[in-house]
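So this block is protein-v4.pdb, PDB, C-alpha atoms:
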```
ATOM      1  CA  LEU A   1      -1.207 -12.871  14.452
ATOM      2  CA  GLY A   2      -1.472 -13.398  10.741
ATOM      3  CA  THR A   3      -0.117 -14.193   7.304
ATOM      4  CA  ALA A   4       2.137 -11.876   5.314
ATOM      5  CA  PRO A   5       1.198 -12.846   2.737
ATOM      6  CA  LEU A   6      -0.655 -16.063   1.966
ATOM      7  CA  LEU A   7      -0.729 -16.715  -1.811
ATOM      8  CA  LEU A   8      -4.456 -17.067  -2.351
ATOM      9  CA  PRO A   9      -4.491 -18.154  -6.052
ATOM     10  CA  LEU A  10      -2.603 -21.314  -5.025
ATOM     11  CA  ARG A  11      -5.220 -22.331  -2.460
ATOM     12  CA  ASN A  12      -8.832 -23.420  -2.118
ATOM     13  CA  PRO A  13     -10.604 -20.238  -0.931
ATOM     14  CA  VAL A  14     -13.234 -22.010   1.192
ATOM     15  CA  LEU A  15     -10.635 -24.137   2.967
ATOM     16  CA  THR A  16      -8.537 -21.011   3.468
ATOM     17  CA  ALA A  17     -11.470 -19.193   5.072
ATOM     18  CA  GLU A  18     -12.138 -22.203   7.338
ATOM     19  CA  GLU A  19      -8.508 -22.238   8.498
ATOM     20  CA  VAL A  20      -8.468 -18.486   9.093
ATOM     21  CA  ALA A  21     -11.687 -18.656  11.113
ATOM     22  CA  THR A  22     -10.271 -21.488  13.226
ATOM     23  CA  VAL A  23      -7.058 -19.555  13.962
ATOM     24  CA  ASP A  24      -9.155 -16.518  14.894
ATOM     25  CA  VAL A  25     -11.038 -18.611  17.445
ATOM     26  CA  LEU A  26      -7.892 -20.232  18.838
ATOM     27  CA  SER A  27      -6.113 -16.864  19.143
ATOM     28  CA  GLY A  28      -8.977 -15.112  20.875
ATOM     29  CA  GLY A  29      -9.911 -12.939  17.891
ATOM     30  CA  ARG A  30      -6.458 -11.712  16.829
ATOM     31  CA  MET A  31      -6.208 -13.044  13.277
ATOM     32  CA  ILE A  32      -5.129 -10.771  10.386
ATOM     33  CA  LEU A  33      -5.343 -12.218   6.886
ATOM     34  CA  GLY A  34      -2.621 -10.927   4.581
ATOM     35  CA  MET A  35      -2.808 -12.223   0.995
ATOM     36  CA  GLY A  36      -1.094 -11.781  -2.345
ATOM     37  CA  VAL A  37      -1.200 -13.156  -5.874
ATOM     38  CA  GLY A  38       2.367 -14.535  -5.897
ATOM     39  CA  TYR A  39       4.859 -14.135  -8.705
ATOM     40  CA  LEU A  40       7.476 -16.927  -8.774
ATOM     41  CA  GLU A  41       7.002 -19.356 -11.659
ATOM     42  CA  ASN A  42       8.077 -22.381  -9.623
ATOM     43  CA  ASP A  43       5.357 -21.729  -7.006
ATOM     44  CA  PHE A  44       2.685 -22.070  -9.694
ATOM     45  CA  ASP A  45       4.428 -24.957 -11.440
ATOM     46  CA  ALA A  46       4.568 -26.902  -8.172
ATOM     47  CA  ILE A  47       0.799 -26.577  -7.669
ATOM     48  CA  GLY A  48      -0.068 -27.084 -11.345
ATOM     49  CA  ILE A  49      -1.722 -23.701 -11.902
ATOM     50  CA  PRO A  50      -0.743 -21.469 -14.851
ATOM     51  CA  ARG A  51       0.883 -18.285 -13.569
ATOM     52  CA  LYS A  52      -1.039 -16.255 -16.173
ATOM     53  CA  GLU A  53      -4.286 -17.132 -14.336
ATOM     54  CA  ARG A  54      -3.137 -15.720 -10.999
ATOM     55  CA  GLY A  55      -4.938 -12.368 -11.272
ATOM     56  CA  ALA A  56      -8.291 -13.798 -12.344
ATOM     57  CA  ARG A  57      -8.076 -16.547  -9.718
ATOM     58  CA  MET A  58      -7.228 -13.962  -7.074
ATOM     59  CA  ASP A  59     -10.310 -11.883  -7.903
ATOM     60  CA  GLU A  60     -12.676 -14.850  -7.596
ATOM     61  CA  ALA A  61     -11.003 -16.317  -4.515
ATOM     62  CA  LEU A  62     -10.932 -12.936  -2.740
ATOM     63  CA  ASP A  63     -14.663 -12.533  -3.292
ATOM     64  CA  ILE A  64     -15.297 -15.981  -1.804
ATOM     65  CA  VAL A  65     -13.026 -15.474   1.214
ATOM     66  CA  CYS A  66     -14.601 -12.100   2.032
ATOM     67  CA  LYS A  67     -18.137 -13.494   1.799
ATOM     68  CA  ALA A  68     -17.258 -16.531   3.907
ATOM     69  CA  LEU A  69     -15.493 -14.594   6.678
ATOM     70  CA  TRP A  70     -17.655 -11.477   6.800
ATOM     71  CA  ASN A  71     -21.189 -12.894   6.370
ATOM     72  CA  ASP A  72     -23.209 -15.365   8.421
ATOM     73  CA  GLU A  73     -25.574 -16.501   5.674
ATOM     74  CA  PRO A  74     -24.686 -19.518   3.488
ATOM     75  CA  PHE A  75     -23.971 -18.734  -0.168
ATOM     76  CA  ASP A  76     -23.243 -20.394  -3.505
ATOM     77  CA  TYR A  77     -20.515 -19.360  -5.911
ATOM     78  CA  ASP A  78     -20.320 -20.179  -9.612
ATOM     79  CA  GLY A  79     -17.215 -18.708 -11.221
ATOM     80  CA  ARG A  80     -14.695 -19.555 -13.899
ATOM     81  CA  PHE A  81     -12.276 -21.258 -11.487
ATOM     82  CA  TYR A  82     -14.301 -21.914  -8.333
ATOM     83  CA  ARG A  83     -17.734 -23.464  -7.827
ATOM     84  CA  HIS A  84     -19.101 -23.908  -4.323
ATOM     85  CA  LYS A  85     -22.503 -24.739  -2.831
ATOM     86  CA  GLY A  86     -23.864 -23.751   0.570
ATOM     87  CA  VAL A  87     -20.688 -22.135   1.926
ATOM     88  CA  ARG A  88     -20.958 -21.357   5.637
ATOM     89  CA  LEU A  89     -18.071 -21.497   8.078
ATOM     90  CA  ALA A  90     -18.101 -23.523  11.265
ATOM     91  CA  PRO A  91     -16.733 -22.374  13.589
ATOM     92  CA  ARG A  92     -17.444 -18.751  12.849
ATOM     93  CA  PRO A  93     -14.547 -16.352  13.494
ATOM     94  CA  LEU A  94     -14.706 -14.387  16.739
ATOM     95  CA  GLN A  95     -14.123 -11.101  14.923
ATOM     96  CA  LYS A  96     -17.138  -9.760  13.090
ATOM     97  CA  LYS A  97     -14.899  -8.566  10.266
ATOM     98  CA  ILE A  98     -11.406 -10.071  10.216
ATOM     99  CA  ARG A  99      -8.884  -7.615   8.803
ATOM    100  CA  ILE A 100      -7.927  -8.489   5.230
ATOM    101  CA  GLU A 101      -4.949  -6.809   3.629
ATOM    102  CA  LEU A 102      -3.524  -7.402   0.172
ATOM    103  CA  ALA A 103       0.089  -7.177  -0.928
ATOM    104  CA  VAL A 104       0.093  -4.442  -3.571
ATOM    105  CA  ARG A 105       3.038  -3.767  -5.899
ATOM    106  CA  SER A 106       1.310  -3.040  -9.210
ATOM    107  CA  GLU A 107      -1.626  -1.184 -10.739
ATOM    108  CA  ALA A 108      -3.502  -4.459 -11.272
ATOM    109  CA  ALA A 109      -3.238  -5.306  -7.578
ATOM    110  CA  ALA A 110      -4.070  -1.745  -6.539
ATOM    111  CA  LYS A 111      -7.448  -1.977  -8.296
ATOM    112  CA  ARG A 112      -8.636  -4.445  -5.645
ATOM    113  CA  VAL A 113      -8.918  -1.658  -3.054
ATOM    114  CA  ALA A 114     -12.163  -0.754  -4.821
ATOM    115  CA  HIS A 115     -13.520  -3.713  -2.810
ATOM    116  CA  ALA A 116     -14.964  -2.324   0.422
ATOM    117  CA  ASP A 117     -12.909  -2.845   3.595
ATOM    118  CA  ILE A 118      -9.788  -4.145   1.844
ATOM    119  CA  ASN A 119      -6.509  -2.893   3.306
ATOM    120  CA  VAL A 120      -3.036  -2.980   1.755
ATOM    121  CA  ASN A 121       0.497  -4.114   2.498
ATOM    122  CA  LEU A 122       2.813  -1.837   0.503
ATOM    123  CA  ASN A 123       5.980  -3.676   1.590
ATOM    124  CA  SER A 124       8.502  -0.822   1.384
ATOM    125  CA  LEU A 125       8.886   2.945   1.082
ATOM    126  CA  THR A 126       9.686   2.453  -2.604
ATOM    127  CA  VAL A 127       6.265   0.864  -3.100
ATOM    128  CA  VAL A 128       4.540   3.495  -0.950
ATOM    129  CA  ARG A 129       5.970   6.292  -3.093
ATOM    130  CA  ASN A 130       5.287   4.554  -6.420
ATOM    131  CA  ILE A 131       1.948   2.864  -5.740
ATOM    132  CA  GLY A 132       0.477   4.630  -2.679
ATOM    133  CA  PRO A 133      -0.985   7.617  -4.584
ATOM    134  CA  LEU A 134      -2.544   5.224  -7.122
ATOM    135  CA  VAL A 135      -4.136   3.179  -4.329
ATOM    136  CA  ALA A 136      -5.580   6.358  -2.819
ATOM    137  CA  ASP A 137      -6.944   7.469  -6.213
ATOM    138  CA  ILE A 138      -8.575   4.098  -6.934
ATOM    139  CA  ALA A 139     -10.163   4.023  -3.489
ATOM    140  CA  SER A 140     -11.516   7.543  -3.931
ATOM    141  CA  LYS A 141     -13.029   6.772  -7.341
ATOM    142  CA  ALA A 142     -14.697   3.691  -5.819
ATOM    143  CA  GLY A 143     -16.370   5.854  -3.177
ATOM    144  CA  ARG A 144     -13.928   5.016  -0.368
ATOM    145  CA  ALA A 145     -12.102   7.666   1.587
ATOM    146  CA  PRO A 146      -8.376   6.973   1.076
ATOM    147  CA  SER A 147      -7.931   7.239   4.842
ATOM    148  CA  SER A 148     -10.208   4.187   5.182
ATOM    149  CA  VAL A 149      -7.521   2.068   3.499
ATOM    150  CA  GLY A 150      -5.332   0.740   6.287
ATOM    151  CA  THR A 151      -1.708   0.377   5.229
ATOM    152  CA  SER A 152       1.115  -1.766   6.518
ATOM    153  CA  ILE A 153       4.768  -1.627   5.526
ATOM    154  CA  LEU A 154       7.702  -3.988   6.019
ATOM    155  CA  PHE A 155      10.930  -2.954   7.737
ATOM    156  CA  THR A 156      14.097  -5.008   7.594
ATOM    157  CA  GLY A 157      16.910  -4.603  10.075
ATOM    158  CA  PHE A 158      18.732  -6.019  13.051
ATOM    159  CA  LEU A 159      19.953  -4.842  16.439
ATOM    160  CA  ALA A 160      23.058  -6.181  18.179
ATOM    161  CA  GLU A 161      25.424  -4.417  20.608
ATOM    162  CA  ASN A 162      26.443  -1.861  17.943
ATOM    163  CA  GLU A 163      25.915  -1.042  14.260
ATOM    164  CA  GLU A 164      28.966  -2.968  13.046
ATOM    165  CA  ALA A 165      27.883  -6.098  14.914
ATOM    166  CA  SER A 166      24.321  -5.711  13.610
ATOM    167  CA  ARG A 167      25.423  -5.600   9.981
ATOM    168  CA  LYS A 168      27.856  -8.464  10.418
ATOM    169  CA  ALA A 169      25.197 -10.654  12.046
ATOM    170  CA  VAL A 170      22.850 -10.541   9.044
ATOM    171  CA  ALA A 171      25.332 -10.331   6.152
ATOM    172  CA  ARG A 172      25.637 -14.030   5.364
ATOM    173  CA  TYR A 173      21.879 -14.617   5.551
ATOM    174  CA  ASN A 174      20.894 -11.575   3.465
ATOM    175  CA  GLN A 175      23.226 -12.474   0.598
ATOM    176  CA  GLU A 176      21.314 -15.659  -0.224
ATOM    177  CA  ASP A 177      17.926 -13.925   0.024
ATOM    178  CA  ALA A 178      19.102 -11.108  -2.255
ATOM    179  CA  LYS A 179      20.377 -13.584  -4.828
ATOM    180  CA  GLN A 180      17.003 -15.329  -5.048
ATOM    181  CA  TYR A 181      15.002 -12.121  -5.379
ATOM    182  CA  LEU A 182      17.375 -10.607  -7.929
ATOM    183  CA  GLU A 183      16.950 -13.656 -10.139
ATOM    184  CA  TYR A 184      13.240 -12.859 -10.387
ATOM    185  CA  TRP A 185      13.391  -9.058 -10.447
ATOM    186  CA  ALA A 186      16.007  -9.067 -13.224
ATOM    187  CA  HIS A 187      13.260 -10.223 -15.651
ATOM    188  CA  SER A 188      10.461  -8.020 -14.329
ATOM    189  CA  LYS A 189       9.108  -5.060 -16.278
ATOM    190  CA  ASP A 190       7.499  -3.437 -13.212
ATOM    191  CA  ALA A 191       8.928  -0.015 -12.294
ATOM    192  CA  VAL A 192       8.847  -0.929  -8.600
ATOM    193  CA  ASP A 193      10.855  -4.083  -9.261
ATOM    194  CA  ARG A 194      13.440  -2.155 -11.276
ATOM    195  CA  ASP A 195      13.905   0.208  -8.329
ATOM    196  CA  MET A 196      14.354  -2.758  -5.994
ATOM    197  CA  VAL A 197      16.959  -4.314  -8.323
ATOM    198  CA  ALA A 198      18.935  -1.061  -8.276
ATOM    199  CA  GLN A 199      18.853  -0.958  -4.488
ATOM    200  CA  TYR A 200      19.990  -4.563  -4.091
ATOM    201  CA  LYS A 201      22.740  -4.180  -6.690
ATOM    202  CA  ASP A 202      23.968  -1.050  -4.923
ATOM    203  CA  ALA A 203      24.014  -2.932  -1.625
ATOM    204  CA  ASP A 204      25.986  -5.736  -3.255
ATOM    205  CA  ARG A 205      28.463  -3.288  -4.823
ATOM    206  CA  THR A 206      29.062  -1.262  -1.655
ATOM    207  CA  GLY A 207      28.795  -4.117   0.810
ATOM    208  CA  VAL A 208      26.257  -2.076   2.797
ATOM    209  CA  ALA A 209      23.154  -4.119   3.597
ATOM    210  CA  ARG A 210      19.700  -2.558   3.275
ATOM    211  CA  GLY A 211      17.795  -1.918   6.489
ATOM    212  CA  SER A 212      18.063  -0.336   9.937
ATOM    213  CA  PHE A 213      20.925  -1.329  12.224
ATOM    214  CA  THR A 214      20.794   1.043  15.194
ATOM    215  CA  ALA A 215      17.938   1.834  17.549
ATOM    216  CA  GLN A 216      17.837   5.457  16.404
ATOM    217  CA  SER A 217      17.798   4.530  12.708
ATOM    218  CA  PHE A 218      14.887   2.172  13.384
ATOM    219  CA  ILE A 219      13.004   4.964  15.149
ATOM    220  CA  ASP A 220      13.763   7.583  12.492
ATOM    221  CA  ASP A 221      12.959   5.254   9.585
ATOM    222  CA  ILE A 222       9.646   4.137  11.079
ATOM    223  CA  HIS A 223       8.562   7.726  11.718
ATOM    224  CA  ASN A 224       9.529   8.574   8.141
ATOM    225  CA  ALA A 225       7.461   5.638   6.872
ATOM    226  CA  ILE A 226       4.411   6.791   8.829
ATOM    227  CA  ASP A 227       4.752  10.332   7.443
ATOM    228  CA  THR A 228       5.185   9.007   3.888
ATOM    229  CA  ILE A 229       2.036   6.874   4.108
ATOM    230  CA  VAL A 230       0.017   9.774   5.541
ATOM    231  CA  ALA A 231       1.219  11.996   2.665
ATOM    232  CA  THR A 232      -0.446   9.644   0.167
ATOM    233  CA  GLY A 233      -3.795  10.013   1.965
ATOM    234  CA  LEU A 234      -3.786   6.414   3.194
ATOM    235  CA  ARG A 235      -3.946   5.371   6.858
ATOM    236  CA  PRO A 236      -0.798   3.920   8.484
ATOM    237  CA  ASP A 237      -1.835   0.919  10.547
ATOM    238  CA  TRP A 238       1.028  -1.531  10.991
ATOM    239  CA  ILE A 239       4.804  -1.580  10.804
ATOM    240  CA  ASN A 240       5.861  -5.172  10.148
ATOM    241  CA  LEU A 241       9.391  -5.680  11.469
ATOM    242  CA  ASN A 242      11.423  -8.331   9.648
ATOM    243  CA  LEU A 243      14.023  -9.040  12.347
ATOM    244  CA  TRP A 244      14.793 -12.715  11.886
ATOM    245  CA  PRO A 245      16.859 -13.566   8.782
ATOM    246  CA  SER A 246      16.157 -17.003   7.346
ATOM    247  CA  GLY A 247      18.537 -19.537   8.879
ATOM    248  CA  MET A 248      19.613 -17.457  11.879
ATOM    249  CA  PRO A 249      19.741 -19.425  15.189
ATOM    250  CA  TYR A 250      16.910 -18.788  17.621
ATOM    251  CA  ASP A 251      19.035 -17.369  20.458
ATOM    252  CA  GLU A 252      20.682 -14.771  18.212
ATOM    253  CA  ALA A 253      17.347 -13.663  16.771
ATOM    254  CA  LEU A 254      15.718 -13.500  20.217
ATOM    255  CA  ASP A 255      18.423 -11.115  21.429
ATOM    256  CA  CYS A 256      17.543  -8.762  18.556
ATOM    257  CA  LEU A 257      13.812  -8.967  19.316
ATOM    258  CA  GLU A 258      14.443  -8.058  22.957
ATOM    259  CA  ARG A 259      16.594  -5.067  21.987
ATOM    260  CA  VAL A 260      13.912  -3.761  19.622
ATOM    261  CA  ALA A 261      11.208  -4.192  22.266
ATOM    262  CA  THR A 262      13.278  -2.255  24.801
ATOM    263  CA  ASP A 263      14.974   0.425  22.708
ATOM    264  CA  VAL A 264      12.670   1.032  19.717
ATOM    265  CA  LEU A 265       9.015   0.238  20.361
ATOM    266  CA  PRO A 266       8.560   2.718  23.254
ATOM    267  CA  GLU A 267       9.424   5.513  20.792
ATOM    268  CA  ILE A 268       6.831   4.501  18.186
ATOM    269  CA  PRO A 269       3.344   6.085  18.303
ATOM    270  CA  ARG A 270       0.428   3.748  18.894
ATOM    271  CA  VAL A 271      -2.898   5.085  17.715
ATOM    272  CA  GLY A 272      -5.839   2.704  17.572
ATOM    273  CA  ARG A 273      -4.279  -0.549  16.330
ATOM    274  CA  MET A 274      -0.910   0.902  15.353
TER
END
```
For this file, produce the structure as structure tokens.
Amino acid sequence: LGTAPLLLPLRNPVLTAEEVATVDVLSGGRMILGMGVGYLENDFDAIGIPRKERGARMDEALDIVCKALWNDEPFDYDGRFYRHKGVRLAPRPLQKKIRIELAVRSEAAAKRVAHADINVNLNSLTVVRNIGPLVADIASKAGRAPSSVGTSILFTGFLAENEEASRKAVARYNQEDAKQYLEYWAHSKDAVDRDMVAQYKDADRTGVARGSFTAQSFIDDIHNAIDTIVATGLRPDWINLNLWPSGMPYDEALDCLERVATDVLPEIPRVGRM
């Protein structure tokens, strides 16, 4: 149970830690805190925070959230953006150290794995291949074994009665999502974003949606993702399955979830928390 990801620079870090601790208690100690810096201009405009401050705000807020969730003693914080006195959570989370993972798509974000016990969400195989080795190198130089950096990855797909039906079911929902993301990525200078633009444009040109649309392709692609993460030196922890396109009716999405649970998950290795 968790967030994937919560945009921390847009939020009060102490209030965020309080909410996370409360959810951890209510869920019986199952909370995972996924966070990112955000990137869309309108998100920052709506809150009234300059987008150019997102990295610096993230660094300060991350420090506060980690201290609040992982330590019992009250503390003060006096930073450029945040000033707090006597921070101590009540209730305390049930987990001694709630898992924190950061969405990482750039070198600037990758540098935050130098912070002890931070894990990463690398989103896609494109990001794993482009950024994974850098994350491992930064962790190593900070005195962390790369294998101590837990890694999650996002998989998009859908299962219906056959591959044709699977692709048809998601086509109308994916088109709108792709349009929104392409509007942002078209102006990005990040190498990862340029790769993503090429993939989406190719999908638009060929009419072939990105993702897995048969049980066997799900199984093969997930195993490939695990092997790719291991090859970087990082530790594969979670495969986040994006199986519910925005706007799809509940009953149609539930049918897909049941098919994945029956036909895919039994074929996926589970080691520790994976």
Who sits within 9 Å of Ile47 in chain A, only C-alpha atoms, same chain under 4 positions skipped, as a list of chain:residue names: A:Leu10, A:Asn42, A:Asp43
Given the PyMOL selection byres ((chain A and resi 57) around 10), the residues it picks as a list in words: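 Evaluating the PyMOL selection byres ((chain A and resi 57) around 10) on these coordinates yields Leu8, Pro9, Leu10, Arg11, Pro13, Val37, Ile49, Arg51, Lys52, Glu53, Arg54, Gly55, Ala56, Met58, Asp59, Glu60, Ala61, Leu62, Gly79, Arg80, Phe81 and Tyr82 of chain A.
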Nearby residues (all atoms listed in the file) at most 12 Å from range 23-32 of chain A, same-chain spacing under 2 positions excluded, as a VMD selection string: chain A and resid 1 to 6 16 to 21 34 to 35 69 90 to 102 118 to 121 152 238 273
Distance query Arg129 in chain A at most 10 Å, all atoms listed in the file, self and fewer than 2 positions along chain excluded, as an MDAnalysis selection string: chainID A and resid 122 124:127 131:134 192 228:229 231:232
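Remark: for Gly247 in chain A, the closest of the candidate residues A:Arg172, A:Arg235, A:Lys85, A:Lys67 is A:Arg172 (distances computed over all atoms listed in the file).
The interatomic distance for the pair CA of Asp227 in chain A and CA of Gly36 in chain A works out to 24.9 Å.
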Reference answer for the PyMOL selection byres ((chain A and resi 75) around 12), as number ranges by chain: A: 14, 63-74, 76-78, 83-89
CA of Ser166 in chain A to CA of Pro266 in chain A, distance in Å rounded to a single decimal: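 Separation between CA of Ser166 in chain A and CA of Pro266 in chain A: 20.3 Å.
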Interatomic distance, CA of Ile239 in chain A to CA of Ser217 in chain A (Å, one decimal):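 About the pair CA of Ile239 in chain A and CA of Ser217 in chain A: they are 14.5 Å apart.
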Kindly provide, as JSON, the centre and edge lengths (Å, one decimal) of an axis-aligned box around all atoms of range 11-15 of chain A given in the file, with 6 Å on each side.
```
{"center_x": -9.2, "center_y": -22.2, "center_z": 0.3, "size_x": 20.0, "size_y": 15.9, "size_z": 17.4}
```
Test item: the PyMOL selection byres ((chain A and resi 159) around 7) resolved as a ChimeraX atom specification: /A:158,160-161,166,213-214,256,259-260
10 Å contact set for range 139-145 of chain A, all atoms listed in the file, chain neighbours under 5 positions out, as a ChimeraX atom specification: /A:110-118,133-134,233-235
Closest of A:Ala171, A:Ala165, A:Gly157, A:Ser246 to Ile222 in chain A - atom-to-atom distances counting all atoms listed in the file: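 Ranking A:Ala171, A:Ala165, A:Gly157, A:Ser246 by distance to Ile222 in chain A, first place goes to A:Gly157.
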